[in-house]
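S.K.: Contents of my_file30.tsv (TSV, N, CA and C atoms) are given next:
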```tsv
chain	number	residue	atom	x	y	z
A	199	MET	N	228.20	-111.90	-22.03
A	199	MET	CA	228.28	-112.75	-23.20
A	199	MET	C	226.91	-112.87	-23.88
A	200	LEU	N	225.87	-113.23	-23.13
A	200	LEU	CA	224.53	-113.41	-23.70
A	200	LEU	C	223.62	-112.21	-23.48
A	201	GLU	N	224.19	-111.10	-23.03
A	201	GLU	CA	223.34	-109.94	-22.76
A	201	GLU	C	222.66	-109.42	-24.02
A	202	VAL	N	223.21	-109.72	-25.19
A	202	VAL	CA	222.57	-109.34	-26.44
A	202	VAL	C	221.21	-110.06	-26.57
A	203	ILE	N	221.17	-111.30	-26.13
A	203	ILE	CA	219.94	-112.10	-26.20
A	203	ILE	C	219.02	-111.78	-25.03
A	204	PHE	N	219.57	-111.75	-23.82
A	204	PHE	CA	218.76	-111.57	-22.62
A	204	PHE	C	218.43	-110.12	-22.31
A	205	GLY	N	219.17	-109.19	-22.85
A	205	GLY	CA	218.88	-107.78	-22.62
A	205	GLY	C	219.82	-107.12	-21.64
A	206	THR	N	220.18	-107.82	-20.56
A	206	THR	CA	221.11	-107.23	-19.58
A	206	THR	C	222.06	-108.30	-19.06
A	207	LYS	N	223.21	-107.85	-18.60
A	207	LYS	CA	224.20	-108.75	-18.00
A	207	LYS	C	223.66	-109.35	-16.71
A	208	ASN	N	222.93	-108.54	-15.92
A	208	ASN	CA	222.39	-109.04	-14.65
A	208	ASN	C	221.36	-110.15	-14.86
A	209	ARG	N	220.63	-110.08	-15.93
A	209	ARG	CA	219.66	-111.14	-16.24
A	209	ARG	C	220.39	-112.45	-16.50
A	210	GLU	N	221.49	-112.37	-17.24
A	210	GLU	CA	222.29	-113.55	-17.53
A	210	GLU	C	222.92	-114.11	-16.26
A	211	LEU	N	223.48	-113.24	-15.43
A	211	LEU	CA	224.11	-113.69	-14.18
A	211	LEU	C	223.08	-114.32	-13.24
A	212	THR	N	221.90	-113.74	-13.19
A	212	THR	CA	220.85	-114.29	-12.33
A	212	THR	C	220.45	-115.68	-12.80
A	213	LEU	N	220.31	-115.86	-14.09
A	213	LEU	CA	219.99	-117.19	-14.62
A	213	LEU	C	221.11	-118.18	-14.33
A	214	GLN	N	222.35	-117.76	-14.54
A	214	GLN	CA	223.48	-118.65	-14.26
A	214	GLN	C	223.47	-119.07	-12.79
A	215	TYR	N	223.18	-118.14	-11.90
A	215	TYR	CA	223.14	-118.45	-10.47
A	215	TYR	C	222.06	-119.50	-10.18
A	216	LEU	N	220.87	-119.27	-10.70
A	216	LEU	CA	219.77	-120.19	-10.43
A	216	LEU	C	220.04	-121.58	-11.01
A	217	PHE	N	220.65	-121.65	-12.17
A	217	PHE	CA	220.97	-122.96	-12.75
A	217	PHE	C	222.10	-123.63	-11.99
A	218	THR	N	223.06	-122.88	-11.50
A	218	THR	CA	224.20	-123.46	-10.78
A	218	THR	C	223.81	-123.94	-9.39
A	219	PHE	N	223.09	-123.10	-8.64
A	219	PHE	CA	222.80	-123.42	-7.25
A	219	PHE	C	221.40	-123.96	-7.02
A	220	GLY	N	220.56	-123.94	-8.04
A	220	GLY	CA	219.22	-124.51	-7.90
A	220	GLY	C	218.18	-123.53	-7.40
A	221	GLU	N	218.56	-122.67	-6.51
A	221	GLU	CA	217.64	-121.67	-5.97
A	221	GLU	C	218.44	-120.53	-5.34
A	222	GLY	N	217.75	-119.44	-5.07
A	222	GLY	CA	218.41	-118.31	-4.44
A	222	GLY	C	217.42	-117.19	-4.21
A	223	TYR	N	217.83	-116.24	-3.40
A	223	TYR	CA	216.99	-115.07	-3.15
A	223	TYR	C	217.77	-113.82	-3.57
A	224	ALA	N	217.05	-112.75	-3.76
A	224	ALA	CA	217.59	-111.56	-4.40
A	224	ALA	C	218.84	-111.03	-3.70
A	225	ARG	N	218.81	-110.86	-2.40
A	225	ARG	CA	219.97	-110.29	-1.70
A	225	ARG	C	221.19	-111.21	-1.82
A	226	GLU	N	220.97	-112.50	-1.74
A	226	GLU	CA	222.06	-113.47	-1.86
A	226	GLU	C	222.73	-113.35	-3.24
A	227	ILE	N	221.93	-113.27	-4.29
A	227	ILE	CA	222.46	-113.18	-5.65
A	227	ILE	C	223.17	-111.85	-5.87
A	228	SER	N	222.58	-110.76	-5.37
A	228	SER	CA	223.21	-109.45	-5.56
A	228	SER	C	224.55	-109.37	-4.84
A	229	LYS	N	224.66	-109.94	-3.66
A	229	LYS	CA	225.94	-109.95	-2.94
A	229	LYS	C	226.95	-110.85	-3.64
A	230	TYR	N	226.49	-111.97	-4.15
A	230	TYR	CA	227.36	-112.94	-4.80
A	230	TYR	C	228.07	-112.33	-6.01
A	231	PHE	N	227.35	-111.55	-6.80
A	231	PHE	CA	227.93	-110.94	-7.99
A	231	PHE	C	228.28	-109.46	-7.79
A	232	ASP	N	228.05	-108.93	-6.60
A	232	ASP	CA	228.33	-107.54	-6.27
A	232	ASP	C	227.65	-106.58	-7.25
A	233	VAL	N	226.33	-106.78	-7.40
A	233	VAL	CA	225.51	-105.89	-8.24
A	233	VAL	C	224.36	-105.36	-7.39
A	234	SER	N	223.65	-104.38	-7.89
A	234	SER	CA	222.61	-103.74	-7.10
A	234	SER	C	221.42	-104.67	-6.83
A	235	LEU	N	220.90	-104.58	-5.65
A	235	LEU	CA	219.77	-105.40	-5.24
A	235	LEU	C	218.51	-105.16	-6.09
A	236	PRO	N	218.12	-103.90	-6.34
A	236	PRO	CA	216.92	-103.68	-7.14
A	236	PRO	C	217.00	-104.29	-8.54
A	237	SER	N	218.18	-104.30	-9.12
A	237	SER	CA	218.36	-104.89	-10.44
A	237	SER	C	218.07	-106.39	-10.41
A	238	ILE	N	218.60	-107.08	-9.43
A	238	ILE	CA	218.37	-108.53	-9.30
A	238	ILE	C	216.91	-108.80	-8.97
A	239	GLN	N	216.31	-107.99	-8.11
A	239	GLN	CA	214.89	-108.16	-7.79
A	239	GLN	C	214.03	-108.03	-9.05
A	240	ASN	N	214.37	-107.05	-9.88
A	240	ASN	CA	213.63	-106.87	-11.13
A	240	ASN	C	213.78	-108.07	-12.06
A	241	GLN	N	214.98	-108.61	-12.14
A	241	GLN	CA	215.20	-109.76	-13.01
A	241	GLN	C	214.42	-110.98	-12.51
A	242	LEU	N	214.46	-111.22	-11.22
A	242	LEU	CA	213.73	-112.36	-10.65
A	242	LEU	C	212.23	-112.21	-10.85
A	243	GLN	N	211.73	-111.01	-10.66
A	243	GLN	CA	210.31	-110.75	-10.87
A	243	GLN	C	209.94	-110.96	-12.33
A	244	HIS	N	210.81	-110.51	-13.22
A	244	HIS	CA	210.59	-110.69	-14.67
A	244	HIS	C	210.52	-112.19	-15.00
A	245	PHE	N	211.45	-112.98	-14.47
A	245	PHE	CA	211.45	-114.42	-14.72
A	245	PHE	C	210.18	-115.08	-14.20
A	246	GLU	N	209.75	-114.66	-13.02
A	246	GLU	CA	208.55	-115.25	-12.43
A	246	GLU	C	207.30	-114.84	-13.24
A	247	ASN	N	207.22	-113.60	-13.65
A	247	ASN	CA	206.07	-113.13	-14.43
A	247	ASN	C	205.93	-113.85	-15.76
A	248	HIS	N	207.05	-114.28	-16.33
A	248	HIS	CA	207.03	-114.93	-17.63
A	248	HIS	C	207.15	-116.45	-17.56
A	249	GLY	N	207.06	-117.02	-16.38
A	249	GLY	CA	207.01	-118.47	-16.24
A	249	GLY	C	208.34	-119.18	-16.22
A	250	LEU	N	209.46	-118.47	-16.28
A	250	LEU	CA	210.76	-119.11	-16.25
A	250	LEU	C	211.16	-119.52	-14.83
A	251	ALA	N	210.73	-118.76	-13.85
A	251	ALA	CA	211.07	-119.05	-12.45
A	251	ALA	C	209.80	-119.14	-11.62
A	252	LEU	N	209.93	-119.86	-10.53
A	252	LEU	CA	208.86	-119.95	-9.53
A	252	LEU	C	209.45	-119.48	-8.21
A	253	SER	N	208.59	-119.20	-7.25
A	253	SER	CA	209.10	-118.76	-5.96
A	253	SER	C	208.32	-119.43	-4.84
A	254	LYS	N	208.97	-119.45	-3.68
A	254	LYS	CA	208.33	-119.96	-2.46
A	254	LYS	C	208.82	-119.09	-1.31
A	255	MET	N	208.02	-119.03	-0.29
A	255	MET	CA	208.40	-118.23	0.87
A	255	MET	C	209.06	-119.14	1.90
A	256	SER	N	210.14	-118.65	2.47
A	256	SER	CA	210.82	-119.32	3.57
A	256	SER	C	210.95	-118.27	4.66
A	257	GLY	N	209.99	-118.28	5.58
A	257	GLY	CA	209.90	-117.20	6.55
A	257	GLY	C	209.47	-115.94	5.83
A	258	ARG	N	210.30	-114.90	5.90
A	258	ARG	CA	209.99	-113.65	5.19
A	258	ARG	C	210.80	-113.50	3.91
A	259	THR	N	211.51	-114.55	3.53
A	259	THR	CA	212.38	-114.50	2.36
A	259	THR	C	211.73	-115.21	1.19
A	260	LYS	N	211.72	-114.56	0.05
A	260	LYS	CA	211.17	-115.16	-1.16
A	260	LYS	C	212.31	-115.82	-1.93
A	261	ILE	N	212.22	-117.14	-2.04
A	261	ILE	CA	213.27	-117.92	-2.70
A	261	ILE	C	212.79	-118.29	-4.10
A	262	TYR	N	213.64	-118.05	-5.08
A	262	TYR	CA	213.31	-118.32	-6.47
A	262	TYR	C	214.06	-119.56	-6.96
A	263	TYR	N	213.44	-120.28	-7.87
A	263	TYR	CA	214.07	-121.43	-8.50
A	263	TYR	C	213.51	-121.56	-9.92
A	264	ILE	N	214.23	-122.27	-10.77
A	264	ILE	CA	213.83	-122.44	-12.16
A	264	ILE	C	212.60	-123.34	-12.24
A	265	ASN	N	211.65	-122.94	-13.06
A	265	ASN	CA	210.43	-123.72	-13.28
A	265	ASN	C	210.78	-124.98	-14.06
A	266	PRO	N	210.62	-126.16	-13.46
A	266	PRO	CA	210.99	-127.40	-14.16
A	266	PRO	C	210.10	-127.69	-15.37
A	267	ARG	N	208.96	-127.02	-15.49
A	267	ARG	CA	208.06	-127.22	-16.62
A	267	ARG	C	208.20	-126.15	-17.69
A	268	TYR	N	209.22	-125.33	-17.59
A	268	TYR	CA	209.42	-124.28	-18.59
A	268	TYR	C	209.68	-124.93	-19.94
A	269	ALA	N	209.02	-124.45	-20.98
A	269	ALA	CA	209.04	-125.08	-22.30
A	269	ALA	C	210.44	-125.20	-22.90
A	270	PHE	N	211.29	-124.22	-22.69
A	270	PHE	CA	212.61	-124.22	-23.32
A	270	PHE	C	213.73	-124.47	-22.31
A	271	LEU	N	213.44	-125.21	-21.26
A	271	LEU	CA	214.40	-125.44	-20.19
A	271	LEU	C	215.67	-126.12	-20.68
A	272	SER	N	215.56	-127.19	-21.41
A	272	SER	CA	216.76	-127.91	-21.86
A	272	SER	C	217.60	-127.06	-22.80
A	273	GLU	N	216.96	-126.33	-23.69
A	273	GLU	CA	217.69	-125.46	-24.61
A	273	GLU	C	218.41	-124.33	-23.86
A	274	LEU	N	217.74	-123.79	-22.85
A	274	LEU	CA	218.33	-122.71	-22.05
A	274	LEU	C	219.54	-123.22	-21.27
A	275	LYS	N	219.45	-124.43	-20.73
A	275	LYS	CA	220.58	-125.02	-20.00
A	275	LYS	C	221.79	-125.16	-20.92
A	276	VAL	N	221.57	-125.67	-22.11
A	276	VAL	CA	222.67	-125.85	-23.07
A	276	VAL	C	223.30	-124.50	-23.41
A	277	LEU	N	222.47	-123.50	-23.66
A	277	LEU	CA	222.95	-122.17	-24.01
A	277	LEU	C	223.79	-121.57	-22.88
A	278	LEU	N	223.32	-121.69	-21.64
A	278	LEU	CA	224.05	-121.13	-20.51
A	278	LEU	C	225.35	-121.89	-20.24
A	279	GLU	N	225.34	-123.21	-20.42
A	279	GLU	CA	226.56	-123.99	-20.24
A	279	GLU	C	227.61	-123.60	-21.28
A	280	LYS	N	227.18	-123.41	-22.50
A	280	LYS	CA	228.11	-123.00	-23.55
A	280	LYS	C	228.66	-121.61	-23.26
A	281	ALA	N	227.82	-120.72	-22.76
A	281	ALA	CA	228.27	-119.36	-22.43
A	281	ALA	C	229.34	-119.39	-21.34
A	282	LYS	N	229.23	-120.32	-20.40
A	282	LYS	CA	230.21	-120.43	-19.32
A	282	LYS	C	231.62	-120.66	-19.85
A	283	THR	N	231.72	-121.37	-20.96
A	283	THR	CA	233.05	-121.67	-21.50
A	283	THR	C	233.77	-120.41	-22.00
A	284	TYR	N	233.03	-119.36	-22.27
A	284	TYR	CA	233.61	-118.12	-22.78
A	284	TYR	C	233.80	-117.06	-21.69
A	285	TYR	N	233.40	-117.34	-20.47
A	285	TYR	CA	233.54	-116.37	-19.38
A	285	TYR	C	235.01	-116.24	-18.97
A	286	LYS	N	235.30	-115.12	-18.32
A	286	LYS	CA	236.63	-114.93	-17.75
A	286	LYS	C	236.83	-115.98	-16.65
A	287	PRO	N	238.09	-116.37	-16.41
A	287	PRO	CA	238.36	-117.41	-15.40
A	287	PRO	C	237.78	-117.10	-14.01
A	288	GLU	N	237.79	-115.81	-13.62
A	288	GLU	CA	237.26	-115.46	-12.29
A	288	GLU	C	235.77	-115.78	-12.19
A	289	LEU	N	235.03	-115.47	-13.24
A	289	LEU	CA	233.60	-115.73	-13.23
A	289	LEU	C	233.32	-117.22	-13.34
A	290	LYS	N	234.11	-117.94	-14.12
A	290	LYS	CA	233.96	-119.39	-14.24
A	290	LYS	C	234.12	-120.04	-12.87
A	291	GLU	N	235.17	-119.62	-12.17
A	291	GLU	CA	235.45	-120.17	-10.84
A	291	GLU	C	234.32	-119.86	-9.86
A	292	LYS	N	233.79	-118.66	-9.97
A	292	LYS	CA	232.71	-118.24	-9.09
A	292	LYS	C	231.44	-119.06	-9.31
A	293	LEU	N	231.24	-119.50	-10.55
A	293	LEU	CA	230.03	-120.25	-10.88
A	293	LEU	C	230.18	-121.76	-10.65
A	294	GLN	N	231.29	-122.17	-10.06
A	294	GLN	CA	231.42	-123.57	-9.68
A	294	GLN	C	230.57	-123.79	-8.43
A	295	LEU	N	229.91	-124.93	-8.38
A	295	LEU	CA	229.06	-125.22	-7.24
A	295	LEU	C	229.91	-125.29	-5.98
A	296	GLN	N	229.56	-124.48	-4.98
A	296	GLN	CA	230.29	-124.42	-3.73
A	296	GLN	C	229.35	-124.72	-2.58
A	297	ARG	N	229.92	-125.22	-1.50
A	297	ARG	CA	229.11	-125.48	-0.31
A	297	ARG	C	228.61	-124.17	0.26
A	298	LYS	N	227.34	-124.16	0.66
A	298	LYS	CA	226.78	-122.94	1.24
A	298	LYS	C	226.86	-122.96	2.76
A	299	ARG	N	227.09	-124.12	3.32
A	299	ARG	CA	227.21	-124.19	4.77
A	299	ARG	C	228.45	-124.99	5.12
A	300	PRO	N	229.00	-124.77	6.30
A	300	PRO	CA	230.23	-125.46	6.66
A	300	PRO	C	230.01	-126.95	6.89
A	301	ARG	N	231.07	-127.70	6.72
A	301	ARG	CA	231.04	-129.14	6.97
A	301	ARG	C	230.91	-129.39	8.47
A	302	ARG	N	230.19	-130.44	8.83
A	302	ARG	CA	230.01	-130.80	10.22
A	302	ARG	C	231.37	-131.06	10.88
A	303	VAL	N	231.56	-130.59	12.09
A	303	VAL	CA	232.81	-130.74	12.82
A	303	VAL	C	233.13	-132.23	12.99
A	304	GLY	N	234.35	-132.61	12.64
A	304	GLY	CA	234.78	-133.99	12.82
A	304	GLY	C	234.38	-134.92	11.68
A	305	LYS	N	233.65	-134.43	10.70
A	305	LYS	CA	233.24	-135.29	9.59
A	305	LYS	C	234.44	-135.52	8.68
A	306	PRO	N	234.72	-136.78	8.35
A	306	PRO	CA	235.89	-137.06	7.49
A	306	PRO	C	235.66	-136.55	6.08
A	307	LEU	N	236.75	-136.19	5.41
A	307	LEU	CA	236.68	-135.75	4.03
A	307	LEU	C	236.50	-136.94	3.17
```
Can the structure in the file be given as structure tokens, please?

M.R.:
Amino acid sequence: MLEVIFGTKNRELTLQYLFTFGEGYAREISKYFDVSLPSIQNQLQHFENHGLALSKMSGRTKIYYINPRYAFLSELKVLLEKAKTYYKPELKEKLQLQRKRPRRVGKPL
């Protein structure tokens, strides 16, 4: 949908992932959308080089997250939220916030 603006579909998907889940690492994002790992790594590196994303190390894994001081953060959020309304239902459902770890055994719903 926004690949005309962002340049590639993977760049848009990577941004949607980071805004939806707050953070992520390259392999996780590539598996989530079933796209090539080098493509996602390039997008994350591009975001970090231009100040849109920041990263931190967790063991040997580089975790990326959106820079809260990015100048156009609020505008970008609005644009990505609007783009979600035009996605196919499968992609919309995939971008719903989901638990990443299982619920504790015996914990009431």

S.K.: For the atom pair atom N of Gln294 (chain A) and CA of Thr218 (chain A), what is the interatomic distance in Å to one decimal place?

M.R.: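 Rounded to one decimal, the two atoms are 7.2 Å apart.
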
S.K.: Write out as a ChimeraX atom specification all residues of chain A that backbone DSSP assigns to helix (DSSP H, G or I).

M.R.: /A:201-204,207-219,224-231,235-247,271-282,287-292

S.K.: Atom C of Phe219 (chain A) and atom N of Lys282 (chain A), how far apart in Å?

M.R.: 15.9 Å

S.K.: With all atoms listed in the file as the counted atoms, please give the residues lying no more than 6 Å from region 239-255 of chain A, apart from itself and same-chain residues fewer than 5 positions off, as a ChimeraX atom specification.

M.R.: /A:209,224,260-265,268

S.K.: Between atom N of Ser228 (chain A) and CA of Thr212 (chain A), what is the distance in Å, rounded to a tenth?

M.R.: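 Taking atom N of Ser228 (chain A) and CA of Thr212 (chain A), their separation equals 8.0 Å.
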
S.K.: Given only C-alpha atoms as the basis, pick out the residue of A:Glu226, A:Gly220, A:Gly205, A:Ser234 nearest to Pro266 (chain A).

M.R.: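 Nearest to Pro266 (chain A): A:Gly220.
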
S.K.: In chain A, what's strand (DSSP E or B) per DSSP? Answer as a list in words?

M.R.: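 Strand (DSSP E or B) assignments inside chain A correspond to Glu221, Gly222, Ala251, Leu252, Ser253, Lys254, Met255, Ser256, Thr259, Lys260, Ile261, Tyr262, Tyr263 and Ile264 of chain A.
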